[in-house]
Amino acid sequence: MKTVIQKLKRHKSYLLSFLITLGMGLVLWLSQGTMSSVSSAQPSLLDAVWSTVNENFYDPKFNSLDWAALKSQYQPQVAKASSRAEKAEVINEMLDQLQTSHTHLFTVDEPAYYQVLGIFYPRIKELRTQLKSTFPEGKVQYEGIGIVTQAIQGKTFIKTIFEGSPAAKAGLKVGDQILNVAGQPFQAIQSFKGKADQPIKVRIQRTADPNDQQTITVTPKRFDCTQMFVEAIANSVQVIETDGQRIGYIHVWSLAGDSHQQELEDEVIYGRLKNADALVLDLRDGWGGDPMTALHLFTSRGPSLTSIRRNGATSTYQGQWNKPVVMLVNEGSRSAKEILAYGFQQYDIGPVVGSSTAGAVVAGRPYLMPDQSLLYVAVSDVYIDKTARLEGVGVTPDVVVPFPIPYAQGQDPQKERAIAMARQAIQ
């Protein structure tokens with residue numbers, strides 16, 4: 001593996017252009033002004049969504065679609081929808097015609113609604129004002145157990161679990177099929193609403209055998225969406241010791257805020273991972289963010305600092321990680337995380353392992369709709385180094401490792417492969 005210094009000499013000009021391009025692209029949602037909303041005078045949710053996209057979507061030609069005709073096409077279906085979920089489903093079908101990421105209508109019945117708000121809420125005063133009555137405590141919160149689910153062939157499976165969450169503590173595993181919650185069909189928000197700190201029974205099936213069912217008691221908690229991913233990153237840290245080798249592991253759930261990057265740097269440079277011999281950097285699932293400085297940890301140069309105490313004990317710190325590193329990605333790695341994966345391959349920092357990324361690399365910003373739903377709109381296209389466009393393309397890992405979710409029983413073949421490769425890199 002080439003040294004960090006060799007990489008920087010070879011890619012110095014490329015790195016500068018890379019960072020400048022990203023700074024202009026993905027930070028757009030902060031620099032374009034304050035959060036916008038649609039007036040309550042709008043006659044319908046469909047009208048509000050359509051006009052917001054019409055005025056703000058990055059491509060004025062709407063990817064060669066007749067945007068006005070689409071509204072007419074979907075208007076009867078929206079009118080027939082009998083519930084909030086059905087209405088959102090039809091509107092999202094319309095938005096999907098744009099074939100662009102960061103363009104989606106989130107309802108209050110989805111964890112993603114609160115998580116997206118958690119990203120933007122601290123930064124945009126107007127948004128905090130608009131939602132003052134919705135979140136009177138000044139915090140974007142929802143009650144849950146810390147899982148992400150995936151519907152496969154009409155069944156609901158746990159796709160991933162936030163480290164340190166109620167689900168993790170209770171013993172739920174990735175691959176578990178959720179049969180019901182408290183005897184009722186599973187709903188991501190409603191199943192746990194108003195039940196924080198109250199034990200609740202979750203019925204699951206762990207294998208394909210329908211007789212292999214069990215009930216697990218989980219105690220939901222109230223998640224603060226401005227802090228939940230920082231906490232999950234901290235809870236994910238592991239040092240795996242095998243045959244005298246120390247493999248560090250950290251799961252970076254989000255880069256949408258300085259606190260996430262700071263948590264990563266603190267653990268790697270000063271914290272529990274600093275003495276590891278190699279690092280597994282897990283970027284699977286979660287959210288993207290702002291990658292302006294994310295690669296500095298692996299590409300920047302600087303002197304080491306050695307501290308000598310009165311008793312002679314010494315500690316040496318390096319301002320960057322210059323030991324072997326393996327990156328983990330999957331189809332849930334989006335936006336800034338895809339750019340980091342691209343950078344890892346371009347600069348030969350370390351191998352990328354897992355499955356192909358989402359291909360979701362544009363800049364988006366949210367708009368509050370009349371019914372308090374949240375419309376995320378792609379407001380700017382993004383190119384890397386002025387020529388490479390990852391939207392709709394994504395990043396293919398150097399080593400592809402499939403991960404079938406149903407009945408995985410907590411096994412993680414992608415992580416296992418990454419750890420094995422990190423061990424090999426030490427030798």
# chains A, B, ... in the order shown; residues from 1 in each chain; ligands from 1
call {"tool": "residues_around", "arguments": {"residues": "range 98-109 of chain A", "least_positions_apart": "5", "cutoff": "8 Å", "atoms": "only C-alpha atoms", "output": "ChimeraX atom specification"}}
result
/A:62-63,65,84-85,88,91-92,114,188-190,359-365,372-378,391-392
call {"tool": "residues_around", "arguments": {"residues": "Leu45 in chain A", "least_positions_apart": "2", "cutoff": "9 Å", "atoms": "only C-alpha atoms", "output": "ChimeraX atom specification"}}
result
/A:42-43,47-50,87,369-371
call {"tool": "write_last_selection", "arguments": {"atoms": "all heavy atoms", "output": "mmCIF file, in the first residue's frame"}}
result
data_model
loop_
_atom_site.group_PDB
_atom_site.id
_atom_site.type_symbol
_atom_site.label_atom_id
_atom_site.label_comp_id
_atom_site.auth_asym_id
_atom_site.auth_seq_id
_atom_site.Cartn_x
_atom_site.Cartn_y
_atom_site.Cartn_z
ATOM 1 N N GLN A 42 -51.976 27.365 0.024
ATOM 2 C CA GLN A 42 -51.960 26.433 -1.086
ATOM 3 C C GLN A 42 -53.194 25.536 -1.015
ATOM 4 O O GLN A 42 -53.537 25.007 0.037
ATOM 5 C CB GLN A 42 -50.686 25.588 -1.048
ATOM 6 C CG GLN A 42 -49.423 26.371 -1.338
ATOM 7 C CD GLN A 42 -49.279 26.673 -2.822
ATOM 8 O OE1 GLN A 42 -50.047 26.180 -3.640
ATOM 9 N NE2 GLN A 42 -48.309 27.497 -3.154
ATOM 10 N N PRO A 43 -53.880 25.308 -2.152
ATOM 11 C CA PRO A 43 -55.153 24.575 -2.112
ATOM 12 C C PRO A 43 -55.026 23.088 -1.814
ATOM 13 O O PRO A 43 -55.960 22.480 -1.325
ATOM 14 C CB PRO A 43 -55.724 24.803 -3.513
ATOM 15 C CG PRO A 43 -54.539 25.106 -4.374
ATOM 16 C CD PRO A 43 -53.582 25.841 -3.496
ATOM 17 N N ASP A 47 -50.675 20.322 -5.192
ATOM 18 C CA ASP A 47 -50.310 21.625 -5.749
ATOM 19 C C ASP A 47 -49.032 22.157 -5.106
ATOM 20 O O ASP A 47 -48.167 22.724 -5.784
ATOM 21 C CB ASP A 47 -51.446 22.622 -5.532
ATOM 22 C CG ASP A 47 -52.628 22.379 -6.453
ATOM 23 O OD1 ASP A 47 -52.425 21.730 -7.493
ATOM 24 O OD2 ASP A 47 -53.739 22.819 -6.113
ATOM 25 N N ALA A 48 -48.925 21.985 -3.783
ATOM 26 C CA ALA A 48 -47.758 22.488 -3.071
ATOM 27 C C ALA A 48 -46.493 21.765 -3.505
ATOM 28 O O ALA A 48 -45.452 22.388 -3.754
ATOM 29 C CB ALA A 48 -47.964 22.334 -1.556
ATOM 30 N N VAL A 49 -46.581 20.439 -3.613
ATOM 31 C CA VAL A 49 -45.421 19.655 -4.041
ATOM 32 C C VAL A 49 -45.042 20.018 -5.474
ATOM 33 O O VAL A 49 -43.868 20.277 -5.776
ATOM 34 C CB VAL A 49 -45.733 18.148 -3.922
ATOM 35 C CG1 VAL A 49 -44.645 17.319 -4.612
ATOM 36 C CG2 VAL A 49 -45.864 17.741 -2.462
ATOM 37 N N TRP A 50 -46.029 20.040 -6.344
ATOM 38 C CA TRP A 50 -45.738 20.296 -7.758
ATOM 39 C C TRP A 50 -45.097 21.670 -7.952
ATOM 40 O O TRP A 50 -44.099 21.801 -8.653
ATOM 41 C CB TRP A 50 -47.040 20.211 -8.567
ATOM 42 C CG TRP A 50 -46.791 20.345 -10.052
ATOM 43 C CD1 TRP A 50 -46.529 19.353 -10.937
ATOM 44 C CD2 TRP A 50 -46.750 21.577 -10.793
ATOM 45 N NE1 TRP A 50 -46.335 19.863 -12.191
ATOM 46 C CE2 TRP A 50 -46.452 21.237 -12.131
ATOM 47 C CE3 TRP A 50 -46.939 22.911 -10.462
ATOM 48 C CZ2 TRP A 50 -46.348 22.198 -13.127
ATOM 49 C CZ3 TRP A 50 -46.815 23.862 -11.461
ATOM 50 C CH2 TRP A 50 -46.530 23.504 -12.777
ATOM 51 N N LYS A 87 -51.738 8.934 -0.111
ATOM 52 C CA LYS A 87 -51.518 10.168 -0.864
ATOM 53 C C LYS A 87 -50.025 10.388 -1.112
ATOM 54 O O LYS A 87 -49.607 10.737 -2.232
ATOM 55 C CB LYS A 87 -52.115 11.350 -0.099
ATOM 56 C CG LYS A 87 -52.094 12.661 -0.876
ATOM 57 C CD LYS A 87 -52.815 13.759 -0.099
ATOM 58 C CE LYS A 87 -54.301 13.455 0.020
ATOM 59 N NZ LYS A 87 -55.045 14.589 0.610
ATOM 60 N N MET A 369 -44.377 21.323 3.835
ATOM 61 C CA MET A 369 -45.644 21.351 3.117
ATOM 62 C C MET A 369 -46.792 21.762 4.049
ATOM 63 O O MET A 369 -46.640 21.773 5.273
ATOM 64 C CB MET A 369 -45.922 19.977 2.509
ATOM 65 C CG MET A 369 -44.907 19.547 1.447
ATOM 66 S SD MET A 369 -44.978 20.510 -0.092
ATOM 67 C CE MET A 369 -43.638 21.686 0.155
ATOM 68 N N PRO A 370 -47.958 22.108 3.492
ATOM 69 C CA PRO A 370 -49.076 22.595 4.316
ATOM 70 C C PRO A 370 -49.520 21.609 5.397
ATOM 71 O O PRO A 370 -49.989 22.016 6.454
ATOM 72 C CB PRO A 370 -50.199 22.820 3.294
ATOM 73 C CG PRO A 370 -49.493 23.059 2.013
ATOM 74 C CD PRO A 370 -48.271 22.220 2.053
ATOM 75 N N ASP A 371 -49.389 20.311 5.141
ATOM 76 C CA ASP A 371 -49.820 19.320 6.135
ATOM 77 C C ASP A 371 -48.681 18.909 7.054
ATOM 78 O O ASP A 371 -48.780 17.905 7.754
ATOM 79 C CB ASP A 371 -50.408 18.091 5.434
ATOM 80 C CG ASP A 371 -49.357 17.314 4.649
ATOM 81 O OD1 ASP A 371 -48.268 17.875 4.380
ATOM 82 O OD2 ASP A 371 -49.620 16.149 4.303
#
call {"tool": "residues_around", "arguments": {"residues": "Thr396 in chain A", "least_positions_apart": "3", "cutoff": "8 Å", "atoms": "only C-alpha atoms", "output": "PDB file with N, CA, C and O atoms, in the first residue's frame"}}
result
ATOM      1  N   SER A 355     -21.254  -3.635  -1.284  1.00  0.00           N
ATOM      2  CA  SER A 355     -22.092  -3.625  -2.479  1.00  0.00           C
ATOM      3  C   SER A 355     -22.171  -2.212  -3.035  1.00  0.00           C
ATOM      4  O   SER A 355     -21.836  -1.241  -2.345  1.00  0.00           O
ATOM      5  N   SER A 356     -22.600  -2.084  -4.276  1.00  0.00           N
ATOM      6  CA  SER A 356     -22.594  -0.793  -4.967  1.00  0.00           C
ATOM      7  C   SER A 356     -23.430   0.242  -4.224  1.00  0.00           C
ATOM      8  O   SER A 356     -24.488  -0.063  -3.669  1.00  0.00           O
ATOM      9  N   THR A 357     -22.946   1.477  -4.237  1.00  0.00           N
ATOM     10  CA  THR A 357     -23.611   2.554  -3.510  1.00  0.00           C
ATOM     11  C   THR A 357     -24.865   3.025  -4.247  1.00  0.00           C
ATOM     12  O   THR A 357     -25.154   2.596  -5.363  1.00  0.00           O
ATOM     13  N   VAL A 400     -16.661  -6.932  -4.121  1.00  0.00           N
ATOM     14  CA  VAL A 400     -18.110  -7.015  -3.963  1.00  0.00           C
ATOM     15  C   VAL A 400     -18.455  -8.217  -3.086  1.00  0.00           C
ATOM     16  O   VAL A 400     -18.046  -9.343  -3.367  1.00  0.00           O
TER      17      VAL A 400
END
call {"tool": "atom_distance", "arguments": {"atom1": "CA of Asp381 in chain A", "atom2": "CA of Tyr342 in chain A"}}
result
16.9 Å
call {"tool": "residues_around", "arguments": {"residues": "Lys221 in chain A", "least_positions_apart": "4", "cutoff": "6 Å", "atoms": "only C-alpha atoms", "output": "PyMOL selection string"}}
result
chain A and resi 143-144+196-197
call {"tool": "residues_around", "arguments": {"residues": "Ala234 in chain A", "least_positions_apart": "6", "cutoff": "9 Å", "atoms": "only C-alpha atoms", "output": "PyMOL selection string"}}
result
chain A and resi 163-164+250-252+263-264+267
call {"tool": "closest_residue", "arguments": {"among": "A:Ile240, A:Gly138, A:Pro76, A:Val401", "to": "Lys125 in chain A", "atoms": "only C-alpha atoms"}}
result
A:Gly138
call {"tool": "residues_around", "arguments": {"residues": "Trp321 in chain A", "least_positions_apart": "6", "cutoff": "12 Å", "atoms": "only C-alpha atoms", "output": "mmCIF file with N, CA, C and O atoms, in the first residue's frame"}}
result
data_model
loop_
_atom_site.group_PDB
_atom_site.id
_atom_site.type_symbol
_atom_site.label_atom_id
_atom_site.label_comp_id
_atom_site.auth_asym_id
_atom_site.auth_seq_id
_atom_site.Cartn_x
_atom_site.Cartn_y
_atom_site.Cartn_z
ATOM 1 N N THR A 3 2.244 4.949 0.585
ATOM 2 C CA THR A 3 2.148 5.798 1.777
ATOM 3 C C THR A 3 1.273 6.987 1.496
ATOM 4 O O THR A 3 0.997 7.331 0.340
ATOM 5 N N VAL A 4 0.802 7.632 2.560
ATOM 6 C CA VAL A 4 -0.057 8.811 2.424
ATOM 7 C C VAL A 4 0.691 9.931 1.713
ATOM 8 O O VAL A 4 0.152 10.647 0.884
ATOM 9 N N ILE A 5 1.972 10.085 2.010
ATOM 10 C CA ILE A 5 2.761 11.171 1.400
ATOM 11 C C ILE A 5 2.878 10.956 -0.107
ATOM 12 O O ILE A 5 2.726 11.889 -0.904
ATOM 13 N N GLY A 248 -9.408 -1.859 14.341
ATOM 14 C CA GLY A 248 -10.397 -0.894 14.789
ATOM 15 C C GLY A 248 -11.583 -0.869 13.846
ATOM 16 O O GLY A 248 -11.445 -1.104 12.638
ATOM 17 N N LEU A 264 -15.697 11.073 14.696
ATOM 18 C CA LEU A 264 -14.806 10.180 13.965
ATOM 19 C C LEU A 264 -13.348 10.508 14.259
ATOM 20 O O LEU A 264 -12.546 9.622 14.593
ATOM 21 N N GLU A 265 -12.986 11.779 14.150
ATOM 22 C CA GLU A 265 -11.597 12.180 14.371
ATOM 23 C C GLU A 265 -11.153 11.932 15.810
ATOM 24 O O GLU A 265 -10.026 11.470 16.054
ATOM 25 N N ASP A 266 -12.026 12.230 16.762
ATOM 26 C CA ASP A 266 -11.667 12.035 18.167
ATOM 27 C C ASP A 266 -11.367 10.571 18.464
ATOM 28 O O ASP A 266 -10.408 10.250 19.177
ATOM 29 N N GLU A 267 -12.186 9.675 17.928
ATOM 30 C CA GLU A 267 -11.966 8.255 18.198
ATOM 31 C C GLU A 267 -10.712 7.736 17.500
ATOM 32 O O GLU A 267 -9.970 6.930 18.064
ATOM 33 N N VAL A 268 -10.482 8.188 16.273
ATOM 34 C CA VAL A 268 -9.364 7.674 15.485
ATOM 35 C C VAL A 268 -8.031 8.261 15.938
ATOM 36 O O VAL A 268 -7.017 7.552 16.028
ATOM 37 N N ILE A 269 -7.999 9.544 16.242
ATOM 38 C CA ILE A 269 -6.731 10.203 16.564
ATOM 39 C C ILE A 269 -6.406 10.140 18.060
ATOM 40 O O ILE A 269 -5.256 9.896 18.440
ATOM 41 N N TYR A 270 -7.399 10.350 18.910
ATOM 42 C CA TYR A 270 -7.141 10.452 20.347
ATOM 43 C C TYR A 270 -7.807 9.367 21.188
ATOM 44 O O TYR A 270 -7.443 9.165 22.335
ATOM 45 N N LEU A 273 -9.515 4.124 19.106
ATOM 46 C CA LEU A 273 -8.983 3.497 17.900
ATOM 47 C C LEU A 273 -7.543 3.903 17.581
ATOM 48 O O LEU A 273 -6.951 3.368 16.644
ATOM 49 N N LYS A 274 -6.987 4.824 18.336
ATOM 50 C CA LYS A 274 -5.690 5.395 17.968
ATOM 51 C C LYS A 274 -4.558 4.372 17.954
ATOM 52 O O LYS A 274 -3.595 4.509 17.192
ATOM 53 N N ASN A 275 -4.668 3.332 18.775
ATOM 54 C CA ASN A 275 -3.605 2.328 18.824
ATOM 55 C C ASN A 275 -3.911 1.089 17.995
ATOM 56 O O ASN A 275 -3.167 0.105 18.054
ATOM 57 N N ALA A 276 -4.987 1.125 17.232
ATOM 58 C CA ALA A 276 -5.312 -0.012 16.366
ATOM 59 C C ALA A 276 -4.270 -0.114 15.252
ATOM 60 O O ALA A 276 -3.673 0.885 14.829
ATOM 61 N N ASP A 277 -4.063 -1.320 14.755
ATOM 62 C CA ASP A 277 -3.082 -1.539 13.689
ATOM 63 C C ASP A 277 -3.679 -1.296 12.310
ATOM 64 O O ASP A 277 -2.951 -1.059 11.340
ATOM 65 N N ALA A 278 -4.987 -1.374 12.207
ATOM 66 C CA ALA A 278 -5.698 -1.115 10.944
ATOM 67 C C ALA A 278 -7.119 -0.702 11.301
ATOM 68 O O ALA A 278 -7.583 -0.924 12.423
ATOM 69 N N LEU A 279 -7.799 -0.115 10.334
ATOM 70 C CA LEU A 279 -9.123 0.449 10.592
ATOM 71 C C LEU A 279 -10.121 -0.017 9.542
ATOM 72 O O LEU A 279 -9.811 -0.050 8.346
ATOM 73 N N VAL A 280 -11.334 -0.375 9.998
ATOM 74 C CA VAL A 280 -12.475 -0.615 9.104
ATOM 75 C C VAL A 280 -13.422 0.558 9.270
ATOM 76 O O VAL A 280 -13.961 0.782 10.361
ATOM 77 N N LEU A 281 -13.610 1.311 8.204
ATOM 78 C CA LEU A 281 -14.463 2.496 8.194
ATOM 79 C C LEU A 281 -15.783 2.136 7.523
ATOM 80 O O LEU A 281 -15.848 1.989 6.305
ATOM 81 N N ALA A 294 -13.807 15.571 5.093
ATOM 82 C CA ALA A 294 -13.860 14.187 5.551
ATOM 83 C C ALA A 294 -12.641 13.367 5.148
ATOM 84 O O ALA A 294 -12.232 12.462 5.872
ATOM 85 N N LEU A 295 -12.045 13.678 3.999
ATOM 86 C CA LEU A 295 -10.883 12.913 3.565
ATOM 87 C C LEU A 295 -9.583 13.380 4.206
ATOM 88 O O LEU A 295 -8.575 12.684 4.114
ATOM 89 N N HIS A 296 -9.604 14.536 4.863
ATOM 90 C CA HIS A 296 -8.380 15.045 5.472
ATOM 91 C C HIS A 296 -7.780 14.056 6.456
ATOM 92 O O HIS A 296 -6.558 13.967 6.604
ATOM 93 N N LEU A 297 -8.630 13.325 7.137
ATOM 94 C CA LEU A 297 -8.168 12.372 8.140
ATOM 95 C C LEU A 297 -7.258 11.316 7.527
ATOM 96 O O LEU A 297 -6.401 10.752 8.207
ATOM 97 N N PHE A 298 -7.420 11.075 6.222
ATOM 98 C CA PHE A 298 -6.665 10.011 5.567
ATOM 99 C C PHE A 298 -5.673 10.530 4.527
ATOM 100 O O PHE A 298 -4.873 9.750 4.005
ATOM 101 N N THR A 299 -5.694 11.820 4.222
ATOM 102 C CA THR A 299 -4.826 12.335 3.158
ATOM 103 C C THR A 299 -3.932 13.495 3.562
ATOM 104 O O THR A 299 -2.938 13.770 2.896
ATOM 105 N N SER A 300 -4.260 14.209 4.621
ATOM 106 C CA SER A 300 -3.463 15.393 4.963
ATOM 107 C C SER A 300 -2.132 14.994 5.592
ATOM 108 O O SER A 300 -1.969 13.870 6.081
ATOM 109 N N ARG A 301 -1.189 15.930 5.584
ATOM 110 C CA ARG A 301 0.124 15.692 6.174
ATOM 111 C C ARG A 301 0.310 16.569 7.402
ATOM 112 O O ARG A 301 -0.304 17.616 7.534
ATOM 113 N N GLY A 302 1.192 16.155 8.289
ATOM 114 C CA GLY A 302 1.476 16.950 9.470
ATOM 115 C C GLY A 302 2.430 16.200 10.387
ATOM 116 O O GLY A 302 2.543 14.970 10.319
ATOM 117 N N SER A 304 4.019 14.548 13.838
ATOM 118 C CA SER A 304 3.474 13.867 15.010
ATOM 119 C C SER A 304 3.804 14.690 16.249
ATOM 120 O O SER A 304 4.688 15.550 16.243
ATOM 121 N N ILE A 349 -6.317 5.031 -1.221
ATOM 122 C CA ILE A 349 -6.179 5.090 0.231
ATOM 123 C C ILE A 349 -6.340 3.707 0.843
ATOM 124 O O ILE A 349 -5.626 3.330 1.776
ATOM 125 N N GLY A 350 -7.265 2.952 0.325
ATOM 126 C CA GLY A 350 -7.521 1.612 0.833
ATOM 127 C C GLY A 350 -8.649 0.987 0.035
ATOM 128 O O GLY A 350 -9.378 1.676 -0.679
#
call {"tool": "closest_residue", "arguments": {"among": "A:Glu137, A:Glu241, A:Asp59, A:Asp258", "to": "Ala420 in chain A", "atoms": "only C-alpha atoms"}}
result
A:Glu241
call {"tool": "closest_residue", "arguments": {"among": "A:Cys225, A:Val53, A:Leu328, A:Leu46", "to": "Ser72 in chain A", "atoms": "only C-alpha atoms"}}
result
A:Leu46
call {"tool": "closest_residue", "arguments": {"among": "A:Ile419, A:Ile426, A:Ala168, A:Ile204", "to": "Gly354 in chain A", "atoms": "only C-alpha atoms"}}
result
A:Ile419
call {"tool": "select_by_dssp", "arguments": {"residues": "range 130-377 of chain A", "states": "alpha helix (DSSP H)", "output": "PyMOL selection string"}}
result
chain A and resi 130+166-170+228-236+258-265+296-299+336-346
call {"tool": "write_last_selection", "arguments": {"atoms": "N, CA, C and O atoms", "output": "compact mmCIF listing (two decimals), in the first residue's frame"}}
result
# COMPACT_ATOMS: atom_id res chain seq x y z
N GLN A 130 -41.04 27.74 12.20
CA GLN A 130 -42.18 27.08 11.58
C GLN A 130 -42.64 25.87 12.38
O GLN A 130 -43.83 25.55 12.41
N PRO A 166 -32.21 0.60 21.70
CA PRO A 166 -33.02 -0.39 22.41
C PRO A 166 -33.08 -1.74 21.69
O PRO A 166 -33.07 -2.79 22.33
N ALA A 167 -33.14 -1.72 20.37
CA ALA A 167 -33.19 -2.97 19.61
C ALA A 167 -31.92 -3.77 19.81
O ALA A 167 -31.96 -5.01 19.98
N ALA A 168 -30.77 -3.10 19.76
CA ALA A 168 -29.50 -3.78 19.96
C ALA A 168 -29.40 -4.36 21.37
O ALA A 168 -28.96 -5.50 21.56
N LYS A 169 -29.82 -3.59 22.35
CA LYS A 169 -29.75 -4.04 23.74
C LYS A 169 -30.69 -5.21 24.01
O LYS A 169 -30.40 -6.08 24.84
N ALA A 170 -31.81 -5.25 23.31
CA ALA A 170 -32.81 -6.30 23.54
C ALA A 170 -32.45 -7.61 22.84
O ALA A 170 -33.04 -8.65 23.14
N MET A 228 -28.69 11.62 17.64
CA MET A 228 -28.80 10.17 17.61
C MET A 228 -27.69 9.49 16.83
O MET A 228 -27.19 8.42 17.23
N PHE A 229 -27.24 10.09 15.72
CA PHE A 229 -26.21 9.44 14.93
C PHE A 229 -24.82 9.67 15.51
O PHE A 229 -23.93 8.83 15.32
N VAL A 230 -24.62 10.77 16.20
CA VAL A 230 -23.35 10.95 16.93
C VAL A 230 -23.21 9.87 17.99
O VAL A 230 -22.15 9.26 18.17
N GLU A 231 -24.31 9.62 18.71
CA GLU A 231 -24.31 8.59 19.74
C GLU A 231 -24.09 7.21 19.14
O GLU A 231 -23.35 6.38 19.69
N ALA A 232 -24.74 6.95 17.99
CA ALA A 232 -24.58 5.65 17.35
C ALA A 232 -23.15 5.43 16.87
O ALA A 232 -22.61 4.32 16.96
N ILE A 233 -22.51 6.49 16.37
CA ILE A 233 -21.11 6.39 15.95
C ILE A 233 -20.24 6.02 17.14
O ILE A 233 -19.40 5.11 17.07
N ALA A 234 -20.44 6.71 18.25
CA ALA A 234 -19.66 6.43 19.46
C ALA A 234 -19.90 5.00 19.95
O ALA A 234 -18.96 4.30 20.36
N ASN A 235 -21.13 4.56 19.90
CA ASN A 235 -21.47 3.21 20.38
C ASN A 235 -20.96 2.11 19.45
O ASN A 235 -20.89 0.94 19.86
N SER A 236 -20.63 2.46 18.22
CA SER A 236 -20.20 1.45 17.26
C SER A 236 -18.74 1.05 17.40
O SER A 236 -18.33 0.01 16.87
N ASP A 258 -20.83 18.94 11.71
CA ASP A 258 -19.46 18.90 12.22
C ASP A 258 -19.29 17.89 13.35
O ASP A 258 -18.22 17.31 13.52
N SER A 259 -20.35 17.67 14.13
CA SER A 259 -20.23 16.78 15.28
C SER A 259 -19.96 15.34 14.87
O SER A 259 -19.28 14.60 15.59
N HIS A 260 -20.45 14.94 13.71
CA HIS A 260 -20.21 13.58 13.24
C HIS A 260 -18.75 13.40 12.83
O HIS A 260 -18.11 12.41 13.19
N GLN A 261 -18.24 14.36 12.08
CA GLN A 261 -16.83 14.32 11.68
C GLN A 261 -15.93 14.41 12.91
O GLN A 261 -14.91 13.72 13.01
N GLN A 262 -16.31 15.23 13.88
CA GLN A 262 -15.50 15.39 15.09
C GLN A 262 -15.44 14.09 15.89
O GLN A 262 -14.39 13.72 16.43
N GLU A 263 -16.58 13.41 15.96
CA GLU A 263 -16.61 12.12 16.68
C GLU A 263 -15.68 11.12 16.02
O GLU A 263 -14.95 10.39 16.71
N LEU A 264 -15.70 11.07 14.70
CA LEU A 264 -14.81 10.18 13.96
C LEU A 264 -13.35 10.51 14.26
O LEU A 264 -12.55 9.62 14.59
N GLU A 265 -12.99 11.78 14.15
CA GLU A 265 -11.60 12.18 14.37
C GLU A 265 -11.15 11.93 15.81
O GLU A 265 -10.03 11.47 16.05
N HIS A 296 -9.60 14.54 4.86
CA HIS A 296 -8.38 15.04 5.47
C HIS A 296 -7.78 14.06 6.46
O HIS A 296 -6.56 13.97 6.60
N LEU A 297 -8.63 13.33 7.14
CA LEU A 297 -8.17 12.37 8.14
C LEU A 297 -7.26 11.32 7.53
O LEU A 297 -6.40 10.75 8.21
N PHE A 298 -7.42 11.07 6.22
CA PHE A 298 -6.66 10.01 5.57
C PHE A 298 -5.67 10.53 4.53
O PHE A 298 -4.87 9.75 4.00
N THR A 299 -5.69 11.82 4.22
CA THR A 299 -4.83 12.34 3.16
C THR A 299 -3.93 13.49 3.56
O THR A 299 -2.94 13.77 2.90
N ALA A 336 -22.59 12.19 0.24
CA ALA A 336 -21.20 12.44 0.63
C ALA A 336 -20.43 11.15 0.83
O ALA A 336 -19.23 11.08 0.55
N LYS A 337 -21.10 10.12 1.31
CA LYS A 337 -20.41 8.84 1.53
C LYS A 337 -19.94 8.24 0.21
O LYS A 337 -18.88 7.61 0.15
N GLU A 338 -20.71 8.43 -0.84
CA GLU A 338 -20.30 7.93 -2.14
C GLU A 338 -19.09 8.69 -2.66
O GLU A 338 -18.21 8.12 -3.30
N ILE A 339 -19.05 9.97 -2.36
CA ILE A 339 -17.91 10.77 -2.78
C ILE A 339 -16.65 10.33 -2.03
O ILE A 339 -15.55 10.28 -2.60
N LEU A 340 -16.80 9.99 -0.77
CA LEU A 340 -15.66 9.48 -0.01
C LEU A 340 -15.18 8.15 -0.59
O LEU A 340 -13.97 7.91 -0.70
N ALA A 341 -16.12 7.28 -0.95
CA ALA A 341 -15.74 6.01 -1.55
C ALA A 341 -15.01 6.24 -2.88
O ALA A 341 -14.01 5.57 -3.18
N TYR A 342 -15.50 7.18 -3.65
CA TYR A 342 -14.84 7.55 -4.91
C TYR A 342 -13.41 8.04 -4.62
O TYR A 342 -12.45 7.66 -5.30
N GLY A 343 -13.29 8.89 -3.60
CA GLY A 343 -11.97 9.40 -3.25
C GLY A 343 -11.03 8.31 -2.77
O GLY A 343 -9.82 8.32 -3.08
N PHE A 344 -11.54 7.35 -2.02
CA PHE A 344 -10.70 6.24 -1.57
C PHE A 344 -10.11 5.49 -2.75
O PHE A 344 -8.93 5.12 -2.74
N GLN A 345 -10.92 5.28 -3.77
CA GLN A 345 -10.42 4.56 -4.94
C GLN A 345 -9.47 5.42 -5.77
O GLN A 345 -8.43 4.95 -6.23
N GLN A 346 -9.81 6.69 -5.95
CA GLN A 346 -8.97 7.57 -6.77
C GLN A 346 -7.60 7.80 -6.15
O GLN A 346 -6.60 7.88 -6.86
